[in-house]
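entry.cif follows; it contains mmCIF, C-alpha atoms.
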data_start
#
loop_
_atom_site.group_PDB
_atom_site.id
_atom_site.type_symbol
_atom_site.label_atom_id
_atom_site.label_comp_id
_atom_site.auth_asym_id
_atom_site.auth_seq_id
_atom_site.Cartn_x
_atom_site.Cartn_y
_atom_site.Cartn_z
ATOM 1 C CA MET A 300 107.215 -74.637 2.780
ATOM 2 C CA LYS A 301 104.399 -72.400 4.007
ATOM 3 C CA THR A 302 104.748 -69.510 6.416
ATOM 4 C CA LEU A 303 102.364 -67.587 8.641
ATOM 5 C CA ASN A 304 103.339 -64.359 10.354
ATOM 6 C CA ALA A 305 101.301 -63.760 13.500
ATOM 7 C CA GLY A 306 102.201 -60.620 15.430
ATOM 8 C CA GLU A 307 105.803 -60.911 16.513
ATOM 9 C CA SER A 308 106.006 -64.587 15.619
ATOM 10 C CA THR A 309 106.341 -66.825 12.586
ATOM 11 C CA ILE A 310 105.071 -70.339 12.013
ATOM 12 C CA THR A 311 106.659 -72.330 9.216
ATOM 13 C CA TYR A 312 105.225 -75.582 7.906
ATOM 14 C CA HIS A 313 107.746 -78.009 6.430
ATOM 15 C CA GLU A 314 105.417 -80.449 4.702
ATOM 16 C CA ALA A 315 108.078 -83.021 3.771
ATOM 17 C CA GLU A 316 109.001 -83.401 7.434
ATOM 18 C CA SER A 317 105.487 -82.936 8.856
ATOM 19 C CA LEU A 318 106.997 -80.215 10.970
ATOM 20 C CA LEU A 319 105.704 -76.870 12.219
ATOM 21 C CA THR A 320 108.341 -74.537 13.648
ATOM 22 C CA PHE A 321 107.357 -71.587 15.808
ATOM 23 C CA THR A 322 109.685 -68.623 16.378
ATOM 24 C CA GLY A 323 109.443 -65.245 18.101
ATOM 25 C CA SER A 324 106.881 -64.101 20.630
ATOM 26 C CA MET A 325 103.204 -64.932 20.134
ATOM 27 C CA ARG A 326 100.942 -62.701 22.196
ATOM 28 C CA LEU A 327 97.904 -61.914 20.060
ATOM 29 C CA ALA A 328 95.029 -60.066 21.721
ATOM 30 C CA ASN A 329 92.332 -62.750 21.933
ATOM 31 C CA MET A 330 90.999 -66.018 20.550
ATOM 32 C CA LYS A 331 89.524 -64.279 17.510
ATOM 33 C CA GLU A 332 92.966 -63.043 16.499
ATOM 34 C CA TYR A 333 94.280 -66.596 16.840
ATOM 35 C CA ASP A 334 91.783 -67.838 14.229
ATOM 36 C CA VAL A 335 94.457 -67.519 11.516
ATOM 37 C CA VAL A 336 96.827 -69.643 13.603
ATOM 38 C CA ALA A 337 94.135 -72.253 14.232
ATOM 39 C CA GLU A 338 93.369 -72.393 10.515
ATOM 40 C CA PHE A 339 97.078 -72.742 9.648
ATOM 41 C CA LEU A 340 97.418 -75.627 12.118
ATOM 42 C CA HIS A 341 94.314 -77.292 10.727
ATOM 43 C CA GLU A 342 95.514 -77.026 7.117
ATOM 44 C CA SER A 343 98.911 -78.420 8.067
ATOM 45 C CA SER A 344 97.342 -81.364 9.876
ATOM 46 C CA GLU A 345 95.384 -82.286 6.742
ATOM 47 C CA SER A 346 98.602 -83.039 4.866
ATOM 48 C CA SER A 347 100.402 -84.672 7.813
ATOM 49 C CA LYS A 348 97.865 -87.229 8.885
ATOM 50 C CA ASP A 349 100.250 -89.684 10.520
ATOM 51 C CA ARG A 350 102.243 -87.507 12.916
ATOM 52 C CA LEU A 351 102.798 -83.767 13.139
ATOM 53 C CA THR A 352 105.617 -82.167 15.098
ATOM 54 C CA LEU A 353 105.182 -78.780 16.734
ATOM 55 C CA ASP A 354 108.661 -77.383 17.340
ATOM 56 C CA LEU A 355 108.249 -74.634 19.944
ATOM 57 C CA LYS A 356 111.928 -74.418 20.974
ATOM 58 C CA SER A 357 112.352 -70.879 19.617
ATOM 59 C CA LEU A 358 109.044 -69.500 20.815
ATOM 60 C CA ARG A 359 110.017 -67.113 23.589
ATOM 61 C CA PHE A 360 106.469 -66.303 24.714
ATOM 62 C CA LEU A 361 103.009 -67.705 24.145
ATOM 63 C CA ASN A 362 100.139 -66.068 25.989
ATOM 64 C CA SER A 363 97.127 -67.905 27.385
ATOM 65 C CA SER A 364 95.062 -67.354 24.228
ATOM 66 C CA GLY A 365 97.890 -68.979 22.274
ATOM 67 C CA ILE A 366 98.128 -71.887 24.698
ATOM 68 C CA THR A 367 94.361 -72.292 24.383
ATOM 69 C CA THR A 368 94.650 -72.326 20.577
ATOM 70 C CA LEU A 369 97.291 -75.087 20.654
ATOM 71 C CA SER A 370 95.313 -76.986 23.309
ATOM 72 C CA LEU A 371 92.105 -76.876 21.240
ATOM 73 C CA PHE A 372 94.059 -78.049 18.181
ATOM 74 C CA ILE A 373 95.355 -81.032 20.161
ATOM 75 C CA LEU A 374 91.824 -81.827 21.356
ATOM 76 C CA THR A 375 90.603 -81.728 17.755
ATOM 77 C CA CYS A 376 93.357 -84.148 16.692
ATOM 78 C CA LYS A 377 92.443 -86.402 19.610
ATOM 79 C CA LYS A 378 88.772 -86.370 18.612
ATOM 80 C CA GLN A 379 89.429 -87.217 14.957
ATOM 81 C CA GLY A 380 92.258 -89.608 15.843
ATOM 82 C CA TYR A 381 94.916 -87.937 13.702
ATOM 83 C CA PRO A 382 97.562 -86.733 13.394
ATOM 84 C CA LYS A 383 99.485 -87.878 16.433
ATOM 85 C CA ILE A 384 101.297 -84.871 17.922
ATOM 86 C CA THR A 385 104.891 -84.452 19.002
ATOM 87 C CA VAL A 386 105.814 -81.235 20.816
ATOM 88 C CA VAL A 387 109.458 -80.189 20.993
ATOM 89 C CA LYS A 388 110.163 -77.881 23.920
ATOM 90 C CA ASN A 389 113.048 -75.895 25.316
ATOM 91 C CA ASP A 390 113.360 -76.114 29.092
ATOM 92 C CA THR A 391 115.565 -73.018 29.254
ATOM 93 C CA ILE A 392 112.448 -70.989 28.376
ATOM 94 C CA SER A 393 110.367 -70.923 31.543
ATOM 95 C CA TRP A 394 106.850 -70.894 30.079
ATOM 96 C CA GLN A 395 107.721 -73.986 28.044
ATOM 97 C CA GLN A 396 109.236 -75.797 31.010
ATOM 98 C CA LYS A 397 106.136 -75.039 33.099
ATOM 99 C CA SER A 398 103.191 -75.288 30.724
ATOM 100 C CA ILE A 399 103.934 -77.559 27.770
ATOM 101 C CA THR A 400 103.450 -80.755 29.777
ATOM 102 C CA ASN A 401 99.772 -79.715 30.024
ATOM 103 C CA PHE A 402 99.312 -80.851 26.417
ATOM 104 C CA LYS A 403 99.878 -84.466 27.437
ATOM 105 C CA LYS A 404 97.120 -84.116 30.031
ATOM 106 C CA LEU A 405 94.736 -83.359 27.168
ATOM 107 C CA TRP A 406 95.767 -86.374 25.089
ATOM 108 C CA ASP A 407 98.019 -89.069 26.461
ATOM 109 C CA GLU A 408 99.310 -89.865 22.951
ATOM 110 C CA VAL A 409 101.018 -86.475 22.708
ATOM 111 C CA GLU A 410 104.787 -86.949 22.821
ATOM 112 C CA ILE A 411 106.939 -84.279 24.388
ATOM 113 C CA GLU A 412 110.614 -84.046 23.517
ATOM 114 C CA ASN A 413 113.412 -81.752 24.617
ATOM 115 C CA MET B 25 77.840 -52.042 48.387
ATOM 116 C CA PRO B 26 80.236 -53.827 50.725
ATOM 117 C CA ILE B 27 83.663 -54.689 49.442
ATOM 118 C CA ASP B 28 83.819 -58.256 48.184
ATOM 119 C CA THR B 29 87.142 -60.075 48.749
ATOM 120 C CA ILE B 30 88.163 -63.426 47.254
ATOM 121 C CA GLY B 31 91.197 -65.665 47.717
ATOM 122 C CA GLU B 32 94.561 -64.672 49.133
ATOM 123 C CA PHE B 33 94.152 -60.911 49.216
ATOM 124 C CA ASP B 34 96.536 -58.712 51.220
ATOM 125 C CA ILE B 35 98.627 -61.646 52.462
ATOM 126 C CA ILE B 36 101.337 -59.019 52.374
ATOM 127 C CA PRO B 37 99.534 -55.747 53.169
ATOM 128 C CA ASP B 38 100.743 -52.425 51.774
ATOM 129 C CA SER B 39 101.573 -51.305 55.322
ATOM 130 C CA ILE B 40 104.663 -53.556 55.260
ATOM 131 C CA PRO B 41 107.584 -51.672 53.720
ATOM 132 C CA ALA B 42 108.740 -53.135 50.406
ATOM 133 C CA GLU B 43 112.090 -53.007 48.635
ATOM 134 C CA GLY B 44 110.807 -50.397 46.202
ATOM 135 C CA ASP B 45 107.441 -49.597 44.738
ATOM 136 C CA VAL B 46 106.821 -49.367 41.008
ATOM 137 C CA PHE B 47 103.492 -47.851 40.022
ATOM 138 C CA ILE B 48 102.317 -47.498 36.434
ATOM 139 C CA ARG B 49 99.038 -45.900 35.419
ATOM 140 C CA ILE B 50 97.905 -46.354 31.853
ATOM 141 C CA LYS B 51 94.726 -46.113 29.782
ATOM 142 C CA PRO B 52 93.238 -49.267 28.230
ATOM 143 C CA ILE B 53 93.134 -47.462 24.891
ATOM 144 C CA ASP B 54 96.948 -47.423 24.893
ATOM 145 C CA PHE B 55 96.970 -51.221 24.893
ATOM 146 C CA ILE B 56 93.931 -51.704 22.684
ATOM 147 C CA THR B 57 95.412 -49.465 19.980
ATOM 148 C CA TYR B 58 98.744 -51.309 20.015
ATOM 149 C CA TRP B 59 98.368 -54.680 21.738
ATOM 150 C CA LYS B 60 102.124 -55.220 21.539
ATOM 151 C CA ARG B 61 102.442 -52.651 24.338
ATOM 152 C CA CYS B 62 101.166 -55.246 26.837
ATOM 153 C CA GLY B 63 104.204 -57.368 26.074
ATOM 154 C CA ILE B 64 106.554 -54.386 26.027
ATOM 155 C CA LEU B 65 105.401 -53.315 29.488
ATOM 156 C CA ALA B 66 105.568 -56.893 30.786
ATOM 157 C CA ASP B 67 109.100 -57.270 29.416
ATOM 158 C CA PHE B 68 110.091 -53.990 31.105
ATOM 159 C CA ALA B 69 108.778 -55.191 34.469
ATOM 160 C CA ALA B 70 110.552 -58.501 33.988
ATOM 161 C CA SER B 71 113.890 -56.864 33.146
ATOM 162 C CA PHE B 72 113.487 -54.449 36.049
ATOM 163 C CA TYR B 73 113.268 -57.236 38.619
ATOM 164 C CA ALA B 74 115.006 -60.225 37.021
ATOM 165 C CA PHE B 75 118.529 -58.887 36.585
ATOM 166 C CA THR B 76 119.153 -58.963 40.343
ATOM 167 C CA GLN B 77 118.144 -62.618 40.631
ATOM 168 C CA ASP B 78 120.331 -65.716 40.524
ATOM 169 C CA HIS B 79 118.838 -66.943 37.257
ATOM 170 C CA PRO B 80 117.865 -63.742 35.448
ATOM 171 C CA SER B 81 116.767 -65.255 32.133
ATOM 172 C CA VAL B 82 114.564 -67.795 33.921
ATOM 173 C CA GLN B 83 112.988 -65.120 36.120
ATOM 174 C CA GLU B 84 112.623 -62.703 33.226
ATOM 175 C CA ASN B 85 110.493 -65.153 31.257
ATOM 176 C CA ILE B 86 108.353 -65.992 34.297
ATOM 177 C CA ILE B 87 107.781 -62.417 35.440
ATOM 178 C CA SER B 88 107.017 -61.230 31.921
ATOM 179 C CA THR B 89 104.501 -64.060 31.482
ATOM 180 C CA VAL B 90 102.771 -63.233 34.775
ATOM 181 C CA VAL B 91 102.652 -59.465 34.239
ATOM 182 C CA ASN B 92 101.519 -59.863 30.632
ATOM 183 C CA GLU B 93 98.572 -62.054 31.618
ATOM 184 C CA LEU B 94 97.514 -59.603 34.334
ATOM 185 C CA ILE B 95 97.757 -56.580 32.029
ATOM 186 C CA GLU B 96 95.877 -58.380 29.259
ATOM 187 C CA ASN B 97 93.089 -59.308 31.691
ATOM 188 C CA ALA B 98 92.839 -55.825 33.200
ATOM 189 C CA THR B 99 92.648 -54.311 29.722
ATOM 190 C CA LYS B 100 90.110 -56.746 28.300
ATOM 191 C CA TYR B 101 87.741 -56.215 31.223
ATOM 192 C CA SER B 102 88.023 -52.424 31.126
ATOM 193 C CA VAL B 103 85.165 -51.389 28.939
ATOM 194 C CA LYS B 104 85.705 -47.645 29.366
ATOM 195 C CA ARG B 105 88.722 -46.983 27.214
ATOM 196 C CA ASN B 106 89.544 -43.772 29.069
ATOM 197 C CA GLY B 107 89.471 -45.471 32.476
ATOM 198 C CA ASP B 108 92.681 -46.288 34.287
ATOM 199 C CA VAL B 109 94.590 -49.529 34.449
ATOM 200 C CA ARG B 110 96.934 -49.312 37.437
ATOM 201 C CA ILE B 111 99.814 -51.674 38.002
ATOM 202 C CA HIS B 112 101.652 -51.800 41.343
ATOM 203 C CA MET B 113 104.737 -53.955 41.767
ATOM 204 C CA LYS B 114 106.491 -54.417 45.083
ATOM 205 C CA LEU B 115 109.347 -56.719 45.986
ATOM 206 C CA TYR B 116 109.475 -58.237 49.465
ATOM 207 C CA ASP B 117 112.774 -60.159 49.599
ATOM 208 C CA THR B 118 111.853 -63.199 47.477
ATOM 209 C CA VAL B 119 108.194 -62.398 46.922
ATOM 210 C CA LEU B 120 107.048 -60.164 44.088
ATOM 211 C CA LYS B 121 103.605 -58.681 44.712
ATOM 212 C CA ILE B 122 101.936 -57.560 41.510
ATOM 213 C CA GLN B 123 98.625 -55.757 41.786
ATOM 214 C CA THR B 124 96.417 -54.558 38.968
ATOM 215 C CA GLU B 125 93.398 -52.284 39.267
ATOM 216 C CA ASN B 126 90.823 -51.596 36.604
ATOM 217 C CA PHE B 127 87.213 -50.490 36.346
ATOM 218 C CA THR B 128 84.555 -52.675 34.829
ATOM 219 C CA PRO B 129 80.741 -52.845 34.412
ATOM 220 C CA LYS B 130 78.503 -55.201 36.374
ATOM 221 C CA LEU B 131 78.409 -57.953 33.744
ATOM 222 C CA HIS B 132 82.191 -58.325 33.661
ATOM 223 C CA TYR B 133 82.412 -58.064 37.434
ATOM 224 C CA GLN B 134 79.971 -60.944 37.858
ATOM 225 C CA LYS B 135 81.782 -63.074 35.296
ATOM 226 C CA LEU B 136 85.203 -62.431 36.816
ATOM 227 C CA GLN B 137 83.967 -62.955 40.373
ATOM 228 C CA LYS B 138 82.485 -66.337 39.441
ATOM 229 C CA HIS B 139 85.682 -67.326 37.629
ATOM 230 C CA LEU B 140 87.923 -66.343 40.559
ATOM 231 C CA MET B 141 85.708 -68.145 43.063
ATOM 232 C CA LEU B 142 86.103 -71.297 40.997
ATOM 233 C CA LEU B 143 89.885 -70.831 40.680
ATOM 234 C CA THR B 144 90.464 -70.238 44.365
ATOM 235 C CA GLN B 145 88.160 -72.984 45.623
ATOM 236 C CA THR B 146 88.872 -75.906 43.317
ATOM 237 C CA ASP B 147 90.871 -78.893 44.579
ATOM 238 C CA ASP B 148 91.970 -80.108 41.153
ATOM 239 C CA LEU B 149 93.436 -77.429 38.898
ATOM 240 C CA ASP B 150 94.487 -79.959 36.241
ATOM 241 C CA MET B 151 90.901 -81.158 35.905
ATOM 242 C CA LEU B 152 89.677 -77.562 35.756
ATOM 243 C CA TYR B 153 92.176 -76.881 32.941
ATOM 244 C CA ILE B 154 90.986 -79.923 30.982
ATOM 245 C CA ASN B 155 87.297 -79.192 31.567
ATOM 246 C CA THR B 156 87.669 -75.504 30.670
ATOM 247 C CA LEU B 157 89.150 -76.410 27.302
ATOM 248 C CA ALA B 158 86.871 -79.372 26.630
ATOM 249 C CA THR B 159 83.721 -77.306 27.217
ATOM 250 C CA LYS B 160 84.928 -74.073 25.675
ATOM 251 C CA PRO B 161 82.316 -72.305 23.518
ATOM 252 C CA THR B 162 83.651 -71.723 19.998
ATOM 253 C CA ASP B 163 82.470 -68.116 19.829
ATOM 254 C CA THR B 164 84.222 -66.760 22.938
ATOM 255 C CA VAL B 165 87.191 -64.397 22.611
ATOM 256 C CA ASP B 166 88.529 -65.171 26.104
ATOM 257 C CA SER B 167 91.090 -67.918 26.657
ATOM 258 C CA GLY B 168 89.580 -68.750 30.061
ATOM 259 C CA ILE B 169 92.867 -70.218 31.297
ATOM 260 C CA GLY B 170 95.169 -67.216 31.845
ATOM 261 C CA LEU B 171 94.827 -66.896 35.617
ATOM 262 C CA LEU B 172 94.387 -70.647 35.955
ATOM 263 C CA LEU B 173 97.798 -71.307 34.388
ATOM 264 C CA LEU B 174 99.449 -68.727 36.657
ATOM 265 C CA ILE B 175 98.127 -70.546 39.731
ATOM 266 C CA LYS B 176 98.582 -74.079 38.401
ATOM 267 C CA ASP B 177 101.933 -73.857 36.612
ATOM 268 C CA TYR B 178 103.670 -70.971 38.385
ATOM 269 C CA GLY B 179 102.451 -71.444 41.950
ATOM 270 C CA ILE B 180 101.120 -67.889 42.014
ATOM 271 C CA LYS B 181 98.957 -66.942 45.000
ATOM 272 C CA ILE B 182 96.012 -64.848 43.923
ATOM 273 C CA GLY B 183 93.358 -62.720 45.553
ATOM 274 C CA ALA B 184 90.814 -60.200 44.349
ATOM 275 C CA GLN B 185 88.706 -57.393 45.676
ATOM 276 C CA PHE B 186 85.646 -55.839 44.060
ATOM 277 C CA GLU B 187 84.157 -52.497 45.040
ATOM 278 C CA TYR B 188 81.165 -50.759 43.453
ATOM 279 C CA LEU B 189 81.831 -47.085 42.841
ATOM 280 C CA GLU B 190 78.498 -45.360 42.745
ATOM 281 C CA ASP B 191 79.782 -42.118 41.230
ATOM 282 C CA ILE B 192 80.960 -43.815 38.027
ATOM 283 C CA GLY B 193 78.564 -46.773 38.080
ATOM 284 C CA GLN B 194 81.449 -49.237 37.673
ATOM 285 C CA TYR B 195 83.186 -51.835 39.758
ATOM 286 C CA LYS B 196 86.782 -51.351 40.810
ATOM 287 C CA VAL B 197 88.585 -54.664 40.353
ATOM 288 C CA THR B 198 91.813 -55.214 42.263
ATOM 289 C CA ILE B 199 93.752 -58.379 41.509
ATOM 290 C CA GLN B 200 96.733 -59.250 43.675
ATOM 291 C CA THR B 201 99.253 -61.913 42.761
ATOM 292 C CA TYR B 202 102.208 -63.111 44.766
ATOM 293 C CA TYR B 203 105.078 -64.730 42.917
ATOM 294 C CA TYR B 204 107.472 -66.590 45.196
ATOM 295 C CA ILE B 205 110.706 -66.228 43.250
ATOM 296 C CA GLU B 206 112.330 -69.606 42.696
ATOM 297 C CA GLN B 207 115.843 -69.670 44.128
#
Rewrite the structure from the file as structure tokens, please.
Amino acid sequence: MKTLNAGESTITYHEAESLLTFTGSMRLANMKEYDVVAEFLHESSESSKDRLTLDLKSLRFLNSSGITTLSLFILTCKKQGYPKITVVKNDTISWQQKSITNFKKLWDEVEIEN
Amino acid sequence: MPIDTIGEFDIIPDSIPAEGDVFIRIKPIDFITYWKRCGILADFAASFYAFTQDHPSVQENIISTVVNELIENATKYSVKRNGDVRIHMKLYDTVLKIQTENFTPKLHYQKLQKHLMLLTQTDDLDMLYINTLATKPTDTVDSGIGLLLLIKDYGIKIGAQFEYLEDIGQYKVTIQTYYYIEQ
């Protein structure tokens, strides 16, 4: 299990389950500050080449730089063809209910679960 | 220079009495020093308005998201750290008008003006979202989708006004957003 603390949030990678769980509130200042997150996602995807699940259920906030970081990660996976992405969302958190479906518009093989 | 207005600006003018008027003036340096303060202030605004609504936790998350994006933008485009960022919030029944003001140099003004023109004139916001991400330069620090997501996903109405202030050699940027509170 690997963990990244980013501002007020934590990302945990459970390699055996090909699962990334996000908790807290992720509102870093700009794309440069999200480089560590992008790198963590990239490293995780290298050891979960079939399918990777992003569990966002406990992520209370994600600002636009964070949404961009996840979006660019999905576009990278689409370009290289792996891993397939599953996003788990929580519709009681408004930003998730409103914005997570955008990920499927980037890559129609993204699966979104509640 | 004449005042340049874009989008849905002053659809509810200040001359109409609101149910309250919250005004916060802050220096960009306060946010730049501790970025977390953007979120703290956004959460305050959200709590302030959401608890009176039918679905407070839903509204709290939405209002905090909207205010946070506006504060982040106003701060990032304020090059003078001792300049003001001003935030006005007014509630008109079920419409929350959130206005930010900041001061920015010509380069940022031109960039923001072009961006807002695109946002307010496009017919296909989904395509703009996809294209913005697909063509994003790797070296930019801006997300490029903050205001776009507010319009596309939250149904926010947005307008902007730019005014050159000769005495300080900067542009005053006023962004107005109107959030129609979901009932």
- Message: Expand the PyMOL selection byres ((chain A) within 8 of (chain B)) into the explicit residue set it covers here, and present it as an NGL selection string.
- Response: :A and (326-331 or 359-360 or 362-364 or 367 or 370-371 or 374 or 391-394 or 397-398 or 404-405)
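Once the PyMOL selection byres ((chain B and resi 197-200) around 7) is applied to the depicted file, the selected set reads B:Phe33, B:Lys121, B:Ile122, B:Gln123, B:Thr124, B:Glu125, B:Asn126, B:Phe127, B:Ile182, B:Gly183, B:Ala184, B:Gln185, B:Phe186, B:Glu187, B:Tyr195, B:Lys196, B:Thr201, B:Tyr202.
What separates CA of Ala42 (chain B) from CA of Tyr116 (chain B) is a distance of 5.2 Å.
Taking CA of Leu358 (chain A) as the reference point, CA of Thr309 (chain A) is found at 9.1 Å.
Computed from the coordinates, the CA of Met300 (chain A) to CA of Gly380 (chain A) distance equals 24.9 Å.
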- Identify the residues within 7 Å of coordinate (97.7, -54.3, 34.4) (same frame as the file), considering only C-alpha atoms, and give the answer as a ChimeraX atom specification. /B:94-96,98-99,109-111,124-125
- Task: Would you list the residues near (93.8, -85.0, 18.3), meaning any protein, DNA or RNA residue with an atom at most 12 Å from that point in file coordinates, counting only C-alpha atoms, as a PyMOL selection string?
- Result: chain A and resi 340-341+344-345+348-351+369-385+402-403+405-409
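Distances here use only C-alpha atoms; by that measure, the residue among B:Thr29, B:His139, B:Leu65, B:Ile192 closest to Leu152 (chain B) is B:His139.
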